[in-house]
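> Please read through the structure below; I'll follow up with questions.
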Amino acid sequence: MNTRSLGAVGEVTEIGLGTWNIGSDWGDVSDETGRAAINAALDAGITFLDTADVYGDGRSEQHIADVLETRDAYDDVTVATKIGRRLTPHEADRYTEANLSEFLDRSRENLGVDTIDLVQLHCPPTDVYYEPETFGALDRFCEEGRLDHYGVSVERVEEGLKAIEYDGVETVQIIFNPFRQRPAELFFEQAKANDVGVIVRVPLASGLLTGALSKDTEFPENDHRSFNRDGEAFDVGETFAGVPFETGVEAADELAAIAPDDWSLATFTLRWILDHDAVSTVIPGSTNPDHIRSNVAAADKRSLSDAERAAVSDVYDTHIREHVHHRW
């Protein structure tokens, strides 16, 4: 698989693995299944793993540590985690050096390392981006050797644009897919100009862009696609990329008709994302080894044609834009 530069972090594979679903909020996933997913990703050549301290209260981080230790693969993989969402209440003035230091040390222990490759603020309130002291704390953590690099995970384009004004921010993680196209405007241009790595999360819109969901699909009560459809638990943009479910199913069906006959909708979607050269890596999550291997294979597909890209834009403008473009 090809690699791309993730800012100053280094080279990572174009397809990584997001590990939210092996930690929590995607129904019941056994420890064995979670570790098998990570092993499948590494076997497929993936060198970038993304996690967070709140994914299963550290469960996802611990699974990664178990697998990397068993395989003696710490030096072969870049691991990124996220901190900040453990704050209760989750408010900007609680993003203090003391709180972040506590979270950082907890993640270092969970991951079994002294120095974490990449630490990201985990979708903090917008006001945090206007607090230089927060980013100064991250600079000090780097100087102390507790992390190598830091970045941010954002909900909104405006937050990403503000974050890259700080010299120490090496990466921005953001939602981007055929249902969330706004980042491809000014944000990608600015990230590329500043040599900031872009990590794309929610690339398959919580399953909508796999083509496997229908309007009759039901989800377990402990799956965020059931309990967060209206943003009851966290930002609604994290669930189905903020698109109303029924609308998303209809739009996904139209996209599937555009894709080449021998491509899945997931393959078509991942290739569409990778055709944007500002993107460093894409982190679809899955607990199915076959799906993980299929996601990896998407990186080797040809680029989309002008006609295919135009058709994707038409679907977005017709069905999706009014729901998401102005919000994120």
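How things are named: the first chain in the structure tokens is A, the next is B, and so on; residues count from 1 in each chain; ligands count from 1 in the order shown.
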Within 12 Å of Phe188 (chain A), counting only C-alpha atoms, which residues qualify if same-chain residues fewer than 5 places away don't, as a list in words?

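In the requested format, the answer is Val157, Glu158, Gly160, Leu161, Ile164, Thr171, Val172, Gln173, Ile174, Phe176, Gln181, Arg182, Pro183, Ala193, Asn194, Asp195, Val196, Gly197, Val198, Ile199, Val200, Ile273, His276, Asp277, Ala278, Val279 and Ser280 of chain A.
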
> Would you mind listing what lies within 12 Å of Phe268 (chain A) as an MDAnalysis selection string, with only C-alpha atoms counted and same-chain residues fewer than 4 positions away left out?

chainID A and resid 177:178 203:204 209:211 252 255:264 272:275 294:295 297:305 308:309 312

> Record the distance separating CA of Thr115 (chain A) and CA of Leu147 (chain A), expressed in Å with one decimal.

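CA of Leu147 (chain A) lies at a distance of 4.7 Å from CA of Thr115 (chain A).
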
> Tell me which protein, DNA and RNA residues are within 8 Å of Gly58 (chain A), counting only C-alpha atoms, leaving out same-chain ones fewer than 3 positions away, and put them as a PDB file with N, CA and C atoms, in the first residue's frame.


ATOM      1  N   GLY A  23     -13.813  -0.443  20.782  1.00  0.00           N
ATOM      2  CA  GLY A  23     -13.823  -0.015  22.176  1.00  0.00           C
ATOM      3  C   GLY A  23     -15.220   0.089  22.747  1.00  0.00           C
ATOM      4  N   ALA A  52      -8.600   6.407  21.105  1.00  0.00           N
ATOM      5  CA  ALA A  52      -8.881   7.492  22.047  1.00  0.00           C
ATOM      6  C   ALA A  52      -9.030   6.905  23.439  1.00  0.00           C
ATOM      7  N   ASP A  53      -8.770   7.746  24.443  1.00  0.00           N
ATOM      8  CA  ASP A  53      -8.828   7.239  25.817  1.00  0.00           C
ATOM      9  C   ASP A  53     -10.243   6.912  26.266  1.00  0.00           C
ATOM     10  N   VAL A  54     -11.255   7.446  25.584  1.00  0.00           N
ATOM     11  CA  VAL A  54     -12.634   7.164  25.980  1.00  0.00           C
ATOM     12  C   VAL A  54     -13.265   6.029  25.196  1.00  0.00           C
ATOM     13  N   TYR A  55     -12.562   5.444  24.257  1.00  0.00           N
ATOM     14  CA  TYR A  55     -13.125   4.303  23.526  1.00  0.00           C
ATOM     15  C   TYR A  55     -13.116   3.083  24.443  1.00  0.00           C
ATOM     16  N   GLU A  61      -7.323   1.337  23.513  1.00  0.00           N
ATOM     17  CA  GLU A  61      -5.880   1.540  23.677  1.00  0.00           C
ATOM     18  C   GLU A  61      -5.210   0.261  24.171  1.00  0.00           C
ATOM     19  N   GLN A  62      -5.842  -0.407  25.116  1.00  0.00           N
ATOM     20  CA  GLN A  62      -5.252  -1.625  25.675  1.00  0.00           C
ATOM     21  C   GLN A  62      -5.192  -2.751  24.647  1.00  0.00           C
ATOM     22  N   SER A 107      -3.090   7.315  29.149  1.00  0.00           N
ATOM     23  CA  SER A 107      -2.979   6.720  27.819  1.00  0.00           C
ATOM     24  C   SER A 107      -1.612   6.083  27.602  1.00  0.00           C
ATOM     25  N   ASN A 110      -1.960   2.783  29.249  1.00  0.00           N
ATOM     26  CA  ASN A 110      -2.804   1.882  28.466  1.00  0.00           C
ATOM     27  C   ASN A 110      -2.087   1.352  27.232  1.00  0.00           C
TER      28      ASN A 110
END

> Where does DSSP see strand (DSSP E or B) in region 4-156 of chain A, if you list the residues as JSON, numbers by chain?

{"A": [4, 5, 11, 12, 13, 15, 17, 18, 26, 48, 49, 50, 78, 79, 80, 81, 82, 83, 116, 117, 118, 119, 120, 121, 122, 147, 148, 149, 150, 151, 152, 153]}
